[in-house]
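Asker: Please find data-v4.cif (mmCIF, C-alpha atoms and all ligand atoms) on the next line:
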```cif
data_upload
#
loop_
_atom_site.label_atom_id
_atom_site.label_comp_id
_atom_site.auth_asym_id
_atom_site.auth_seq_id
_atom_site.Cartn_x
_atom_site.Cartn_y
_atom_site.Cartn_z
CA MET D 1 -153.50 102.73 17.40
CA LYS D 2 -155.98 104.70 19.50
CA SER D 3 -157.03 103.37 22.91
CA ILE D 4 -160.66 103.29 24.06
CA THR D 5 -162.11 104.18 27.44
CA ILE D 6 -165.19 102.19 28.40
CA LYS D 7 -167.98 104.44 29.61
CA LYS D 8 -170.88 102.03 29.87
CA ILE D 9 -171.75 98.38 29.28
CA THR D 10 -175.41 97.36 28.84
CA LEU D 11 -176.59 93.74 28.87
CA TYR D 12 -179.57 92.43 26.89
CA PRO D 13 -180.67 88.84 27.56
CA ILE D 14 -182.49 87.69 24.40
CA ALA D 15 -184.36 84.75 22.87
CA LEU D 16 -184.79 84.24 19.11
CA GLU D 17 -186.92 81.73 17.21
CA PHE D 18 -184.87 79.30 15.11
CA ALA D 19 -185.57 78.87 11.39
CA GLU D 20 -184.46 75.24 11.82
CA LYS D 21 -183.63 73.64 15.15
CA LEU D 22 -180.51 71.51 15.54
CA ARG D 23 -180.79 68.19 17.37
CA THR D 24 -177.42 66.94 18.62
CA SER D 25 -176.46 63.89 20.66
CA PHE D 26 -177.18 65.95 23.81
CA GLY D 27 -180.56 67.32 22.75
CA GLU D 28 -182.19 70.36 21.18
CA GLU D 29 -182.63 73.95 22.39
CA PRO D 30 -186.09 75.52 21.94
CA PHE D 31 -184.75 79.05 21.39
CA LYS D 32 -181.49 80.73 20.55
CA LEU D 33 -180.51 82.36 23.80
CA ALA D 34 -177.76 84.91 24.28
CA VAL D 35 -176.77 87.96 26.24
CA LEU D 36 -175.98 90.81 23.87
CA VAL D 37 -173.36 93.23 25.15
CA GLN D 38 -173.48 96.89 24.15
CA LEU D 39 -170.30 98.77 24.98
CA GLU D 40 -170.09 102.56 24.71
CA THR D 41 -166.80 104.42 24.78
CA THR D 42 -166.26 107.92 26.19
CA LYS D 43 -165.95 109.08 22.54
CA GLY D 44 -169.45 107.76 21.77
CA VAL D 45 -168.35 104.73 19.74
CA VAL D 46 -170.54 101.65 20.27
CA GLY D 47 -169.33 98.06 20.02
CA TRP D 48 -171.41 94.90 20.25
CA GLY D 49 -170.69 91.38 21.44
CA GLU D 50 -172.72 88.26 22.10
CA CYS D 51 -172.35 85.84 24.99
CA SER D 52 -173.66 82.74 23.27
CA LEU D 53 -175.29 80.84 26.12
CA GLU D 54 -177.76 78.00 26.22
CA GLY D 55 -180.70 77.26 28.48
CA ARG D 56 -179.22 74.02 29.81
CA PRO D 57 -175.57 73.20 30.54
CA GLY D 58 -175.44 70.70 27.63
CA TYR D 59 -172.58 71.69 25.34
CA SER D 60 -170.95 73.93 27.94
CA TYR D 61 -171.47 74.36 31.68
CA GLU D 62 -172.41 77.99 31.05
CA THR D 63 -176.07 78.98 30.88
CA MET D 64 -178.02 82.24 30.67
CA GLY D 65 -178.19 82.18 34.47
CA THR D 66 -174.45 81.75 35.06
CA GLY D 67 -173.65 84.25 32.29
CA MET D 68 -175.80 87.05 33.74
CA HIS D 69 -174.43 86.39 37.23
CA ILE D 70 -170.78 86.42 36.16
CA LEU D 71 -171.25 89.48 33.93
CA ARG D 72 -173.10 91.59 36.51
CA GLU D 73 -171.07 90.69 39.55
CA PHE D 74 -167.57 90.35 38.16
CA LEU D 75 -166.83 90.97 34.48
CA VAL D 76 -168.69 94.21 33.75
CA PRO D 77 -167.34 95.93 36.92
CA ALA D 78 -163.82 94.81 35.92
CA LEU D 79 -164.07 96.68 32.59
CA GLU D 80 -166.30 99.72 33.14
CA GLY D 81 -164.25 102.90 33.38
CA LYS D 82 -161.09 101.18 32.08
CA THR D 83 -158.88 102.49 29.29
CA ILE D 84 -157.98 99.71 26.87
CA GLU D 85 -154.87 100.15 24.72
CA SER D 86 -155.40 96.87 22.91
CA PRO D 87 -158.26 94.31 22.88
CA THR D 88 -155.60 91.67 23.57
CA ASP D 89 -155.29 93.19 27.09
CA VAL D 90 -158.88 92.20 27.96
CA PRO D 91 -158.20 88.59 29.09
CA ALA D 92 -155.72 89.87 31.72
CA SER D 93 -158.38 92.30 33.03
CA LEU D 94 -160.84 89.42 33.40
CA ALA D 95 -158.35 86.81 34.65
CA SER D 96 -159.36 87.06 38.31
CA THR D 97 -162.63 85.38 37.25
CA ARG D 98 -161.84 81.79 36.38
CA GLY D 99 -163.57 79.97 33.53
CA HIS D 100 -166.80 81.18 31.88
CA PRO D 101 -165.25 81.42 28.39
CA PHE D 102 -168.43 81.99 26.35
CA THR D 103 -169.39 84.85 28.67
CA LYS D 104 -165.93 86.44 28.47
CA HIS D 105 -165.99 86.07 24.69
CA GLY D 106 -169.11 88.24 24.39
CA LEU D 107 -167.51 91.01 26.38
CA GLU D 108 -164.18 90.79 24.55
CA THR D 109 -165.96 90.90 21.18
CA ALA D 110 -167.65 94.18 22.14
CA VAL D 111 -164.19 95.59 22.94
CA TRP D 112 -162.75 94.37 19.60
CA ASP D 113 -165.71 95.91 17.77
CA ALA D 114 -165.45 99.29 19.52
CA TRP D 115 -161.65 99.35 19.21
CA ALA D 116 -161.73 98.45 15.50
CA ARG D 117 -164.42 101.10 14.82
CA THR D 118 -162.40 103.70 16.75
CA ASN D 119 -159.32 102.89 14.66
CA GLU D 120 -161.32 102.70 11.40
CA LEU D 121 -160.41 99.07 10.84
CA HIS D 122 -162.50 96.10 9.87
CA MET D 123 -162.46 93.46 12.60
CA ALA D 124 -160.56 91.15 10.24
CA GLU D 125 -157.84 93.80 9.88
CA ALA D 126 -157.84 94.26 13.65
CA PHE D 127 -157.16 90.52 14.06
CA ALA D 128 -154.47 90.55 11.36
CA HIS D 129 -152.77 93.44 13.19
CA PHE D 130 -151.83 90.93 15.93
CA LEU D 131 -150.53 88.24 13.54
CA PRO D 132 -147.19 88.03 11.73
CA ALA D 133 -146.99 89.82 8.37
CA GLY D 134 -148.65 87.98 5.50
CA HIS D 135 -151.84 86.92 7.28
CA THR D 136 -153.93 89.22 5.13
CA PRO D 137 -157.72 88.73 5.41
CA ARG D 138 -159.40 87.34 2.28
CA GLY D 139 -162.65 89.31 2.56
CA TYR D 140 -164.73 86.15 2.69
CA ALA D 141 -164.90 82.81 4.47
CA VAL D 142 -165.37 79.34 3.00
CA VAL D 143 -168.30 77.80 4.84
CA GLY D 144 -170.47 74.73 5.30
CA VAL D 145 -173.69 73.85 7.07
CA SER D 146 -174.45 71.75 10.14
CA ILE D 147 -177.55 69.51 9.99
CA GLY D 148 -179.17 68.01 13.08
CA ILE D 149 -180.35 64.47 13.76
CA LYS D 150 -183.46 63.79 11.64
CA PRO D 151 -185.99 60.96 11.92
CA SER D 152 -184.68 59.10 8.82
CA VAL D 153 -181.98 58.94 6.16
CA GLU D 154 -184.56 60.21 3.63
CA ALA D 155 -185.35 63.26 5.78
CA THR D 156 -181.61 63.92 6.16
CA LEU D 157 -181.11 63.63 2.38
CA ASP D 158 -183.95 66.11 1.77
CA THR D 159 -182.22 68.67 3.99
CA ILE D 160 -178.81 67.99 2.43
CA ARG D 161 -180.24 68.49 -1.06
CA LEU D 162 -181.91 71.73 -0.01
CA ARG D 163 -178.67 73.06 1.50
CA MET D 164 -176.61 71.99 -1.54
CA SER D 165 -179.06 73.76 -3.86
CA GLN D 166 -178.48 76.91 -1.78
CA GLY D 167 -174.70 76.70 -2.32
CA TYR D 168 -173.29 74.76 0.67
CA LYS D 169 -170.55 72.39 -0.47
CA ARG D 170 -169.55 70.98 2.92
CA ILE D 171 -172.18 69.08 4.85
CA LYS D 172 -171.87 68.21 8.56
CA LEU D 173 -174.26 65.68 10.07
CA LYS D 174 -174.84 65.15 13.77
CA ILE D 175 -174.58 61.53 14.93
CA GLU D 176 -175.14 59.54 18.12
CA PRO D 177 -174.85 55.85 19.06
CA GLY D 178 -177.46 54.00 16.99
CA TRP D 179 -177.51 56.74 14.34
CA ASP D 180 -174.13 56.72 12.65
CA VAL D 181 -172.96 53.96 10.27
CA GLU D 182 -176.39 53.45 8.74
CA LEU D 183 -176.77 57.19 8.24
CA ALA D 184 -173.32 57.60 6.66
CA ARG D 185 -173.91 54.60 4.38
CA GLY D 186 -177.33 55.87 3.26
CA VAL D 187 -176.03 59.37 2.54
CA ARG D 188 -172.92 58.11 0.72
CA GLN D 189 -174.98 55.77 -1.48
CA ALA D 190 -177.19 58.67 -2.59
CA LEU D 191 -174.47 61.35 -2.73
CA PRO D 192 -171.08 59.65 -3.29
CA ASP D 193 -169.05 62.80 -3.96
CA ILE D 194 -170.17 65.43 -1.46
CA MET D 195 -167.80 66.86 1.14
CA LEU D 196 -169.22 65.09 4.18
CA MET D 197 -168.29 65.08 7.87
CA LEU D 198 -169.87 63.81 11.07
CA ASP D 199 -170.08 65.38 14.55
CA ALA D 200 -170.64 63.11 17.58
CA ASN D 201 -170.57 65.78 20.32
CA SER D 202 -168.77 63.44 22.75
CA ALA D 203 -171.31 60.60 22.50
CA TYR D 204 -168.86 57.64 22.32
CA THR D 205 -166.16 56.01 24.44
CA LEU D 206 -162.88 54.34 23.56
CA ASP D 207 -164.72 50.99 23.83
CA ASP D 208 -166.55 52.04 20.62
CA ALA D 209 -163.28 52.11 18.61
CA GLU D 210 -164.16 48.98 16.58
CA HIS D 211 -167.59 50.41 15.83
CA LEU D 212 -166.19 53.81 14.79
CA LYS D 213 -163.67 52.13 12.44
CA GLN D 214 -166.63 51.26 10.21
CA LEU D 215 -166.89 54.97 9.35
CA ASP D 216 -163.53 54.79 7.56
CA GLU D 217 -165.14 53.44 4.38
CA PHE D 218 -167.23 56.59 3.81
CA ASN D 219 -164.46 59.00 2.80
CA LEU D 220 -165.34 61.53 5.49
CA LEU D 221 -163.62 64.90 5.65
CA MET D 222 -163.43 64.37 9.42
CA LEU D 223 -165.12 62.93 12.49
CA GLU D 224 -165.70 65.65 15.05
CA GLN D 225 -165.39 65.05 18.81
CA PRO D 226 -166.21 61.34 19.15
CA LEU D 227 -165.03 60.97 22.78
CA GLY D 228 -165.28 62.79 26.12
CA TYR D 229 -165.86 66.49 26.60
CA HIS D 230 -162.49 67.18 28.24
CA ASP D 231 -160.60 64.27 26.76
CA ILE D 232 -157.38 64.50 24.79
CA TYR D 233 -155.65 61.32 26.01
CA GLU D 234 -158.22 58.79 24.80
CA HIS D 235 -158.53 60.58 21.47
CA SER D 236 -154.77 60.07 21.12
CA LYS D 237 -155.49 56.32 21.47
CA LEU D 238 -158.37 56.43 18.98
CA GLN D 239 -156.86 58.56 16.18
CA PRO D 240 -154.13 56.03 15.21
CA GLN D 241 -156.81 53.34 14.86
CA LEU D 242 -158.84 55.39 12.35
CA LYS D 243 -158.11 56.42 8.78
CA THR D 244 -160.63 59.23 9.19
CA ALA D 245 -159.18 62.44 10.62
CA ILE D 246 -160.46 63.31 14.09
CA CYS D 247 -161.32 66.96 14.67
CA LEU D 248 -161.53 68.14 18.26
CA ASP D 249 -164.20 70.65 19.30
CA GLU D 250 -165.35 70.34 22.95
CA SER D 251 -161.93 69.21 24.24
CA ILE D 252 -160.04 72.31 23.14
CA HIS D 253 -160.38 75.08 25.70
CA SER D 254 -157.16 76.98 24.95
CA ALA D 255 -154.22 77.32 22.58
CA ASP D 256 -152.26 75.04 24.95
CA ASP D 257 -154.94 72.34 24.63
CA ALA D 258 -154.61 72.58 20.86
CA ARG D 259 -150.82 72.18 21.06
CA LEU D 260 -151.17 69.18 23.39
CA ALA D 261 -153.79 67.51 21.19
CA ILE D 262 -151.77 68.03 18.01
CA GLU D 263 -148.46 66.90 19.53
CA LEU D 264 -150.08 63.82 21.12
CA GLY D 265 -151.72 62.90 17.81
CA ALA D 266 -155.19 63.11 19.35
CA CYS D 267 -156.56 64.87 16.27
CA ARG D 268 -155.50 66.05 12.83
CA ILE D 269 -157.90 69.00 12.61
CA ILE D 270 -159.05 71.69 15.06
CA ASN D 271 -162.47 73.30 15.35
CA LEU D 272 -162.01 76.74 16.90
CA LYS D 273 -165.05 78.18 18.63
CA PRO D 274 -163.81 81.57 19.77
CA GLY D 275 -166.32 81.45 22.66
CA ARG D 276 -165.13 78.04 23.82
CA VAL D 277 -161.56 79.33 24.26
CA GLY D 278 -162.69 82.57 25.94
CA GLY D 279 -162.39 85.10 23.10
CA PHE D 280 -160.46 86.28 20.08
CA THR D 281 -157.19 86.94 21.91
CA GLU D 282 -156.90 83.26 22.84
CA SER D 283 -158.25 82.38 19.37
CA LEU D 284 -155.32 84.23 17.79
CA GLU D 285 -152.90 82.20 19.95
CA LEU D 286 -154.63 78.97 18.90
CA TYR D 287 -154.49 80.10 15.26
CA LYS D 288 -150.72 80.56 15.55
CA VAL D 289 -150.34 77.07 17.06
CA CYS D 290 -152.21 75.57 14.09
CA VAL D 291 -150.18 77.56 11.56
CA GLU D 292 -146.95 76.47 13.26
CA HIS D 293 -148.00 72.79 13.18
CA LYS D 294 -149.61 73.03 9.71
CA THR D 295 -152.79 71.72 11.30
CA PRO D 296 -155.99 72.43 9.35
CA LEU D 297 -158.27 74.82 11.25
CA TRP D 298 -161.86 75.99 10.88
CA VAL D 299 -164.26 78.12 12.87
CA GLY D 300 -167.14 76.36 14.59
CA GLY D 301 -170.45 77.87 15.65
CA MET D 302 -173.15 77.74 18.28
CA LEU D 303 -176.01 78.95 16.05
CA GLU D 304 -175.16 82.52 17.00
CA THR D 305 -176.85 85.77 16.02
CA GLY D 306 -175.53 88.08 13.31
CA VAL D 307 -173.36 89.88 15.89
CA THR D 308 -171.16 86.82 16.35
CA ARG D 309 -171.59 85.60 12.79
CA ALA D 310 -170.05 88.86 11.51
CA ALA D 311 -167.11 88.53 13.94
CA HIS D 312 -166.61 84.83 13.16
CA LEU D 313 -166.64 85.59 9.42
CA ALA D 314 -163.91 88.16 10.02
CA PHE D 315 -161.82 85.57 11.85
CA ALA D 316 -162.54 82.84 9.29
CA SER D 317 -161.41 85.21 6.52
CA LEU D 318 -157.83 84.89 7.84
CA PRO D 319 -155.68 82.63 5.64
CA GLY D 320 -154.73 80.21 8.46
CA VAL D 321 -158.37 79.07 8.58
CA THR D 322 -157.99 76.40 5.94
CA LEU D 323 -161.18 74.29 6.03
CA PRO D 324 -164.85 75.30 5.61
CA SER D 325 -166.30 76.88 8.76
CA ASP D 326 -169.67 76.34 10.47
CA ILE D 327 -170.91 79.78 9.52
CA SER D 328 -174.08 79.61 7.48
CA ALA D 329 -176.29 82.26 5.91
CA THR D 330 -178.61 84.26 8.17
CA ASP D 331 -181.76 82.53 6.89
CA ARG D 332 -180.44 79.11 7.97
CA TYR D 333 -180.67 80.33 11.56
CA PHE D 334 -183.26 83.11 12.02
CA LYS D 335 -185.93 85.03 10.14
CA PRO D 336 -185.12 87.78 10.90
CA ASP D 337 -181.80 88.01 12.70
CA ILE D 338 -181.09 90.79 15.15
CA ALA D 339 -178.41 92.58 13.10
CA GLU D 340 -178.18 93.93 9.55
CA PRO D 341 -177.00 93.33 6.91
CA ALA D 342 -178.02 89.70 6.62
CA PHE D 343 -175.43 87.26 5.24
CA SER D 344 -176.07 85.12 2.18
CA ILE D 345 -174.33 82.08 0.84
CA ARG D 346 -172.69 82.38 -2.59
CA PRO D 347 -172.68 79.56 -5.18
CA ASP D 348 -169.03 78.75 -4.35
CA SER D 349 -169.90 78.03 -0.68
CA THR D 350 -168.43 81.31 0.57
CA ILE D 351 -169.86 84.21 2.56
CA ALA D 352 -168.44 87.72 2.22
CA VAL D 353 -167.53 89.59 5.39
CA ALA D 354 -169.76 92.61 6.06
CA PRO D 355 -167.96 95.70 4.76
CA GLY D 356 -167.33 98.70 7.01
CA TYR D 357 -165.56 99.18 10.30
CA GLY D 358 -165.68 96.79 13.24
CA SER D 359 -167.78 93.70 12.61
CA GLY D 360 -169.65 95.56 9.85
CA VAL D 361 -173.14 94.82 11.21
CA GLU D 362 -175.57 97.03 13.12
CA VAL D 363 -177.91 95.72 15.80
CA GLN D 364 -181.55 96.62 15.03
CA LEU D 365 -182.84 98.11 18.26
CA GLU D 366 -186.52 97.37 17.59
CA ARG D 367 -185.78 93.67 16.99
CA LEU D 368 -183.53 93.68 20.04
CA GLN D 369 -186.44 94.93 22.15
CA GLN D 370 -188.69 92.15 20.80
CA ALA D 371 -186.03 89.55 21.53
CA VAL D 372 -185.66 90.83 25.10
CA GLU D 373 -189.45 90.57 25.52
CA ARG D 374 -189.38 87.02 24.12
CA TRP D 375 -186.72 86.14 26.69
CA GLU D 376 -188.84 87.65 29.46
CA ALA D 377 -191.88 85.66 28.30
CA HIS D 378 -190.06 82.33 28.01
CA LYS D 379 -187.24 82.50 30.53
CA GLU D 380 -188.82 80.11 33.03
CA TYR D 381 -189.07 77.52 30.29
CA ALA D 382 -185.75 78.38 28.69
CA ILE D 383 -183.82 78.00 31.95
O1 LIG C 1 -170.84 70.79 18.10
O2 LIG C 1 -170.50 72.20 16.61
C1 LIG C 1 -171.20 71.79 17.51
C2 LIG C 1 -174.36 73.95 17.77
C3 LIG C 1 -174.59 73.92 19.13
C4 LIG C 1 -173.76 73.16 19.93
C5 LIG C 1 -172.69 72.44 19.38
C6 LIG C 1 -172.44 72.50 18.01
C7 LIG C 1 -173.31 73.24 17.20
C8 LIG C 1 -173.19 73.30 15.72
C9 LIG C 1 -173.71 74.55 15.08
O3 LIG C 1 -172.80 72.37 15.06
C10 LIG C 1 -173.00 75.02 13.88
C11 LIG C 1 -173.44 76.40 13.45
O4 LIG C 1 -173.45 77.35 14.28
O5 LIG C 1 -173.76 76.57 12.27
MG MG C 2 -169.00 70.12 17.29
#
```
Once more with this new file: its structure as structure tokens, please.
Answerer:
Amino acid sequence: MKSITIKKITLYPIALEFAEKLRTSFGEEPFKLAVLVQLETTKGVVGWGECSLEGRPGYSYETMGTGMHILREFLVPALEGKTIESPTDVPASLASTRGHPFTKHGLETAVWDAWARTNELHMAEAFAHFLPAGHTPRGYAVVGVSIGIKPSVEATLDTIRLRMSQGYKRIKLKIEPGWDVELARGVRQALPDIMLMLDANSAYTLDDAEHLKQLDEFNLLMLEQPLGYHDIYEHSKLQPQLKTAICLDESIHSADDARLAIELGACRIINLKPGRVGGFTESLELYKVCVEHKTPLWVGGMLETGVTRAAHLAFASLPGVTLPSDISATDRYFKPDIAEPAFSIRPDSTIAVAPGYGSGVEVQLERLQQAVERWEAHKEYAI
């Protein structure tokens, strides 16, 4: 494989308008915010990444403000001018900066993209290159859709029906205390057979165990992250009390966390957000842990732009990703997105990876400029 030498890294803080906002148990973001990373090699190859950051430290402690600070002061200087033999060497180059996984992920993705393009590989093939033989990418990912908290069961059902008519066969609903059992019951009565799951985004405590047991009657695919943001121990106390499989999202910050959670019986399913674990190198380690333990795995999302969606689709096309991922079609998120081609959902609830080298998508520079201007116009409000 050819190495790359990083000539220049340019950062673009952006804001995009959502097609449909997503209210979770910790609130709703007015815009999709991100820092896009453009990485140019000395051979003139360009790779893109996205640091998926929010305005407030709600899901993660990282924000646009912390991301720009960490990138400018520490991460970009650590990579500029470096020769990279393998994208899997990036975490070691950034290790003197602790934490900030979503920010590191954006930078690492730009390296994967440039490295894959240099070596005339699709990003999915680049990932498979670092896995044992047999993990051949499928060329598509099986996907579902995530639906926010709505004012009523009827309003939720309307959105579910719309998404099902578009092709989504796995529906995820956001819940919070006071909006859970009644919602699940209402949806199950109307749609008894759909593949349904709930995501609590850490809104409950172990004292709610008796309450959460009521969800067992609704034949849920899983219950995502009921308890604390960093917690594994209390989930290991909750899981044996539930028939429903717990899936951990927020609590899993590394491959080691995944191993601990699986071996303690804290969950039966893992949601991998490559940004949450600091990039695709750590994601590949987590993937191997799940394969080794035969633990079902899927790729989660943070309502990212097409830059990350393309990369996540590549990862989710690997055969160890065994459950539908939170990667929806472009028009579920933005009209228009910042990269082309747009992704569409197929009737069998799959999305094809973008063909070509690297992630397969190209950032549209005119739209990028508009998104930077939108960030400039709204940044006081967004932060
Ligand atoms: O918990 O999975 C989550 C979006 C923002 C913050 C947290 C979450 C989400 C999603 C989005 O559910 C899923 C998607 O990107 O389609
Ligand atoms: Mg989640």
Asker: Give me the residues near Thr281 of chain D as a list in words, where near means some atom within 12 Å (using all atoms listed in the file) and where sequence neighbours in that chain fewer than 6 positions away do not count.
Answerer: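 Here the qualifying residues turn out to be Ser86, Pro87, Thr88, Asp89, Val90, Pro91, Ala92, Pro101, Lys104, His105, Leu107, Glu108, Thr109, Val111, Trp112, Ala126, Phe127, Ala128, His129, Phe130, Leu131, Ser254, Ala255, Pro274, Gly275, Tyr287, Lys288 and Phe315 of chain D.
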Asker: Considering only C-alpha atoms, return as a ChimeraX atom specification whatever protein or nucleic-acid residues lie within 12 Å of Ala316 of chain D, sequence-local ones (same chain, fewer than 2 positions apart) excluded.
Answerer: /D:123-125,127-128,135-143,271-274,280,283-284,287,297-301,308-314,318-327,350-353
Asker: Which residues are near ligand LIG 1 (chain C) in this structure, taking near to mean any atom at most 9 Å from a ligand atom and counting only C-alpha atoms and all ligand atoms? Format them as number ranges by chain.
Answerer: D: 22-24, 26, 28-29, 54, 58-60, 144-148, 172-174, 199-202, 224-225, 249-250, 271, 273, 300-304, 309, 325-329, 332-333
Asker: Determine the nearest neighbour of ligand MG 2 (chain C) from the options D:Cys247, D:Ala261, D:Ala354, D:Ile269, counting all atoms listed in the file.
Answerer: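 Distance minimum relative to ligand MG 2 (chain C) lands on D:Cys247.
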Asker: Could you tell me which of D:Asp331, D:Asp113, D:Asp337, D:Glu210 comes closest to Thr41 of chain D if we count all atoms listed in the file?
Answerer: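 That would be D:Asp113, the residue with the smallest distance to Thr41 of chain D.
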Asker: Pick out the closest residue to ligand MG 2 (chain C) from this set: D:Phe334, D:Tyr229, D:Trp179, D:Phe31. Count only C-alpha atoms and all ligand atoms.
Answerer: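 Comparing D:Phe334, D:Tyr229, D:Trp179, D:Phe31 against ligand MG 2 (chain C), the winner is D:Tyr229.
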Asker: Measuring between all atoms listed in the file, which one of D:Glu20, D:Leu220, D:Ala133, D:Asp208 shows the shortest distance to Lys150 of chain D?
Answerer: D:Glu20
Asker: Residues within 10 Å of Gln370 of chain D, please, as a PyMOL selection string. Count all atoms listed in the file; anything in the same chain fewer than 6 positions from it doesn't count.
Answerer: chain D and resi 14-16+338+376
Asker: Between D:Gln38, D:Ser25, D:Ser317, D:Thr5, which one has atoms that come closest to ligand MG 2 (chain C), using only C-alpha atoms and all ligand atoms?
Answerer: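 Among the listed residues, the smallest separation from ligand MG 2 (chain C) belongs to D:Ser25.
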Asker: Counting all atoms listed in the file, which residues sit no farther than 7 Å from the position (-157.2, 50.8, 22.9) in the file's frame? I'd like them as a VMD selection string.
Answerer: chain D and resid 206 237 to 238
